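Worksheet: the structure to be examined is printed underneath.
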Amino acid sequence: MAKADRLARLDDLRLEQEAEYRAALGEALRRTASGKWGLFDHQADRRTRAAMAPVIDHLQELADAIDGARDQLGLPSFALHQEFLKSRGPVGPQAMGEPRQAQAWLDRLAAEDGAAG
């Protein structure tokens with residue numbers, strides 16, 4: 001039973017960490033949707049990248065902890081973080097700007113939360 005209890009506690013911790021990740025990502029997305037560029041690194045500007053580094057680092061630390069727990073529990077990697085990473089980086093001139101992209105992410109997360117709850 002000790003192993004089952006340990007795994008249950010680890011799963012509870014994972015769920016808390018995933019909620020913390022979603023909250024941190026949501027806050028960063030709201031800031032970006034209101035006009036603060038840099039979260040998606042579309043312009044590859046050094047100053048903007050440096051200003052956004054603490055946010056990106058915090059999200060990465062949370063994702064690493066989540067993936068560690070998921071690995072121990074035999075679960076797949078944390079898909080939300082992987083999707084976020086794929087959405088970052090340079091884009092073409094016809095791509096939507098970061099504020100619109102952030103709002104689209106917020107809308108998607110809200111729809112997922114509504115479907116789950």
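In the structure tokens, chains take letters A, B, ... by order of appearance, with residues numbered from 1 within each chain and ligands from 1 in the order shown.
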Give me, as JSON, numbers by chain, the residues of region 37-82 of chain A that a backbone DSSP run labels alpha helix (DSSP H). {"A": [46, 47, 48, 49, 50, 51, 52, 53, 54, 55, 56, 57, 58, 59, 60, 61, 62, 63, 64, 65, 66, 67, 68, 69, 70, 71, 72, 73, 79, 80, 81, 82]}
Now that the selection is made, can you save its residues with N, CA and C atoms as a tab-separated table (two decimals), in the first residue's frame?
```tsv
chain	number	residue	atom	x	y	z
A	46	ARG	N	16.42	40.80	-28.92
A	46	ARG	CA	17.19	40.45	-27.72
A	46	ARG	C	16.62	41.06	-26.45
A	47	ARG	N	16.25	42.32	-26.53
A	47	ARG	CA	15.73	43.00	-25.34
A	47	ARG	C	14.40	42.40	-24.88
A	48	THR	N	13.52	42.17	-25.83
A	48	THR	CA	12.23	41.57	-25.53
A	48	THR	C	12.41	40.15	-25.01
A	49	ARG	N	13.32	39.41	-25.62
A	49	ARG	CA	13.59	38.04	-25.19
A	49	ARG	C	14.12	38.02	-23.76
A	50	ALA	N	15.01	38.95	-23.43
A	50	ALA	CA	15.57	39.02	-22.08
A	50	ALA	C	14.49	39.39	-21.06
A	51	ALA	N	13.59	40.28	-21.44
A	51	ALA	CA	12.51	40.68	-20.53
A	51	ALA	C	11.54	39.53	-20.28
A	52	MET	N	11.34	38.69	-21.28
A	52	MET	CA	10.39	37.58	-21.17
A	52	MET	C	11.04	36.31	-20.61
A	53	ALA	N	12.35	36.28	-20.51
A	53	ALA	CA	13.07	35.07	-20.08
A	53	ALA	C	12.59	34.52	-18.73
A	54	PRO	N	12.35	35.35	-17.72
A	54	PRO	CA	11.88	34.78	-16.44
A	54	PRO	C	10.55	34.03	-16.57
A	55	VAL	N	9.66	34.53	-17.40
A	55	VAL	CA	8.37	33.87	-17.60
A	55	VAL	C	8.58	32.53	-18.30
A	56	ILE	N	9.36	32.54	-19.37
A	56	ILE	CA	9.63	31.31	-20.12
A	56	ILE	C	10.36	30.29	-19.23
A	57	ASP	N	11.34	30.76	-18.47
A	57	ASP	CA	12.08	29.86	-17.57
A	57	ASP	C	11.16	29.24	-16.53
A	58	HIS	N	10.25	30.04	-15.97
A	58	HIS	CA	9.32	29.52	-14.96
A	58	HIS	C	8.41	28.45	-15.57
A	59	LEU	N	7.89	28.72	-16.76
A	59	LEU	CA	7.05	27.73	-17.44
A	59	LEU	C	7.83	26.45	-17.72
A	60	GLN	N	9.09	26.60	-18.12
A	60	GLN	CA	9.92	25.43	-18.42
A	60	GLN	C	10.19	24.61	-17.15
A	61	GLU	N	10.49	25.30	-16.04
A	61	GLU	CA	10.72	24.60	-14.77
A	61	GLU	C	9.48	23.81	-14.35
A	62	LEU	N	8.32	24.44	-14.45
A	62	LEU	CA	7.09	23.74	-14.11
A	62	LEU	C	6.87	22.54	-15.03
A	63	ALA	N	7.08	22.74	-16.32
A	63	ALA	CA	6.89	21.64	-17.29
A	63	ALA	C	7.86	20.50	-17.02
A	64	ASP	N	9.10	20.82	-16.64
A	64	ASP	CA	10.07	19.77	-16.32
A	64	ASP	C	9.61	18.96	-15.12
A	65	ALA	N	9.12	19.63	-14.09
A	65	ALA	CA	8.63	18.93	-12.90
A	65	ALA	C	7.42	18.07	-13.24
A	66	ILE	N	6.53	18.62	-14.06
A	66	ILE	CA	5.34	17.88	-14.47
A	66	ILE	C	5.74	16.64	-15.27
A	67	ASP	N	6.65	16.81	-16.22
A	67	ASP	CA	7.08	15.67	-17.03
A	67	ASP	C	7.79	14.62	-16.18
A	68	GLY	N	8.53	15.05	-15.16
A	68	GLY	CA	9.17	14.09	-14.26
A	68	GLY	C	8.13	13.25	-13.54
A	69	ALA	N	7.09	13.90	-13.04
A	69	ALA	CA	6.02	13.18	-12.36
A	69	ALA	C	5.27	12.28	-13.34
A	70	ARG	N	4.99	12.81	-14.52
A	70	ARG	CA	4.27	12.02	-15.53
A	70	ARG	C	5.08	10.78	-15.92
A	71	ASP	N	6.39	10.94	-16.03
A	71	ASP	CA	7.24	9.81	-16.37
A	71	ASP	C	7.16	8.73	-15.28
A	72	GLN	N	7.24	9.14	-14.03
A	72	GLN	CA	7.15	8.18	-12.92
A	72	GLN	C	5.79	7.48	-12.88
A	73	LEU	N	4.76	8.19	-13.31
A	73	LEU	CA	3.41	7.63	-13.30
A	73	LEU	C	3.08	6.87	-14.58
A	79	ALA	N	1.44	17.68	-22.80
A	79	ALA	CA	1.17	18.15	-24.16
A	79	ALA	C	1.00	19.66	-24.25
A	80	LEU	N	0.41	20.29	-23.24
A	80	LEU	CA	0.18	21.73	-23.31
A	80	LEU	C	1.49	22.49	-23.46
A	81	HIS	N	2.50	22.09	-22.74
A	81	HIS	CA	3.80	22.78	-22.85
A	81	HIS	C	4.44	22.53	-24.21
A	82	GLN	N	4.33	21.31	-24.69
A	82	GLN	CA	4.89	21.00	-26.01
A	82	GLN	C	4.22	21.85	-27.09
```
Contact residues around region 109-117 of chain A with only C-alpha atoms at 9 Å, ignoring same-chain residues under 2 positions, as a ChimeraX atom specification: /A:22,26,104-107
Those residues you just picked out, can you put them in a file as an mmCIF file, in the first residue's frame with C-alpha atoms?
```
data_model
loop_
_atom_site.group_PDB
_atom_site.id
_atom_site.type_symbol
_atom_site.label_atom_id
_atom_site.label_comp_id
_atom_site.auth_asym_id
_atom_site.auth_seq_id
_atom_site.Cartn_x
_atom_site.Cartn_y
_atom_site.Cartn_z
ATOM 1 C CA ARG A 22 -2.013 26.691 -16.641
ATOM 2 C CA GLY A 26 -2.786 32.134 -18.600
ATOM 3 C CA ALA A 104 -6.653 32.627 -29.482
ATOM 4 C CA TRP A 105 -4.767 30.565 -26.887
ATOM 5 C CA LEU A 106 -6.853 32.066 -24.077
ATOM 6 C CA ASP A 107 -10.059 31.269 -25.961
#
```
Using only C-alpha atoms, find the one residue out of A:Ala4, A:Leu15, A:Ala23, A:Val91 that sits nearest to Ala44 (chain A).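 The closest residue to Ala44 (chain A) is A:Val91.
Relative to CA of Phe78 (chain A), CA of Trp37 (chain A) is found at 24.9 Å.
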From A:Ala19, A:Lys3, A:Arg100, A:Arg108, residue lying nearest Lys36 (chain A) [only C-alpha atoms]: A:Arg100
Pairwise distance for CA of Pro90 (chain A) and CA of Ala102 (chain A), rounded to one decimal in Å: 15.1 Å
Please, what distance in Å, to one decimal, runs between CA of Glu27 (chain A) and CA of Asp12 (chain A)? 22.7 Å
With distances taken over only C-alpha atoms, which residue among A:Gly89, A:Ala28, A:Gln17, A:Gln103 lies nearest Asp41 (chain A)?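 Counting only C-alpha atoms, the residue closest to Asp41 (chain A) is A:Gly89.
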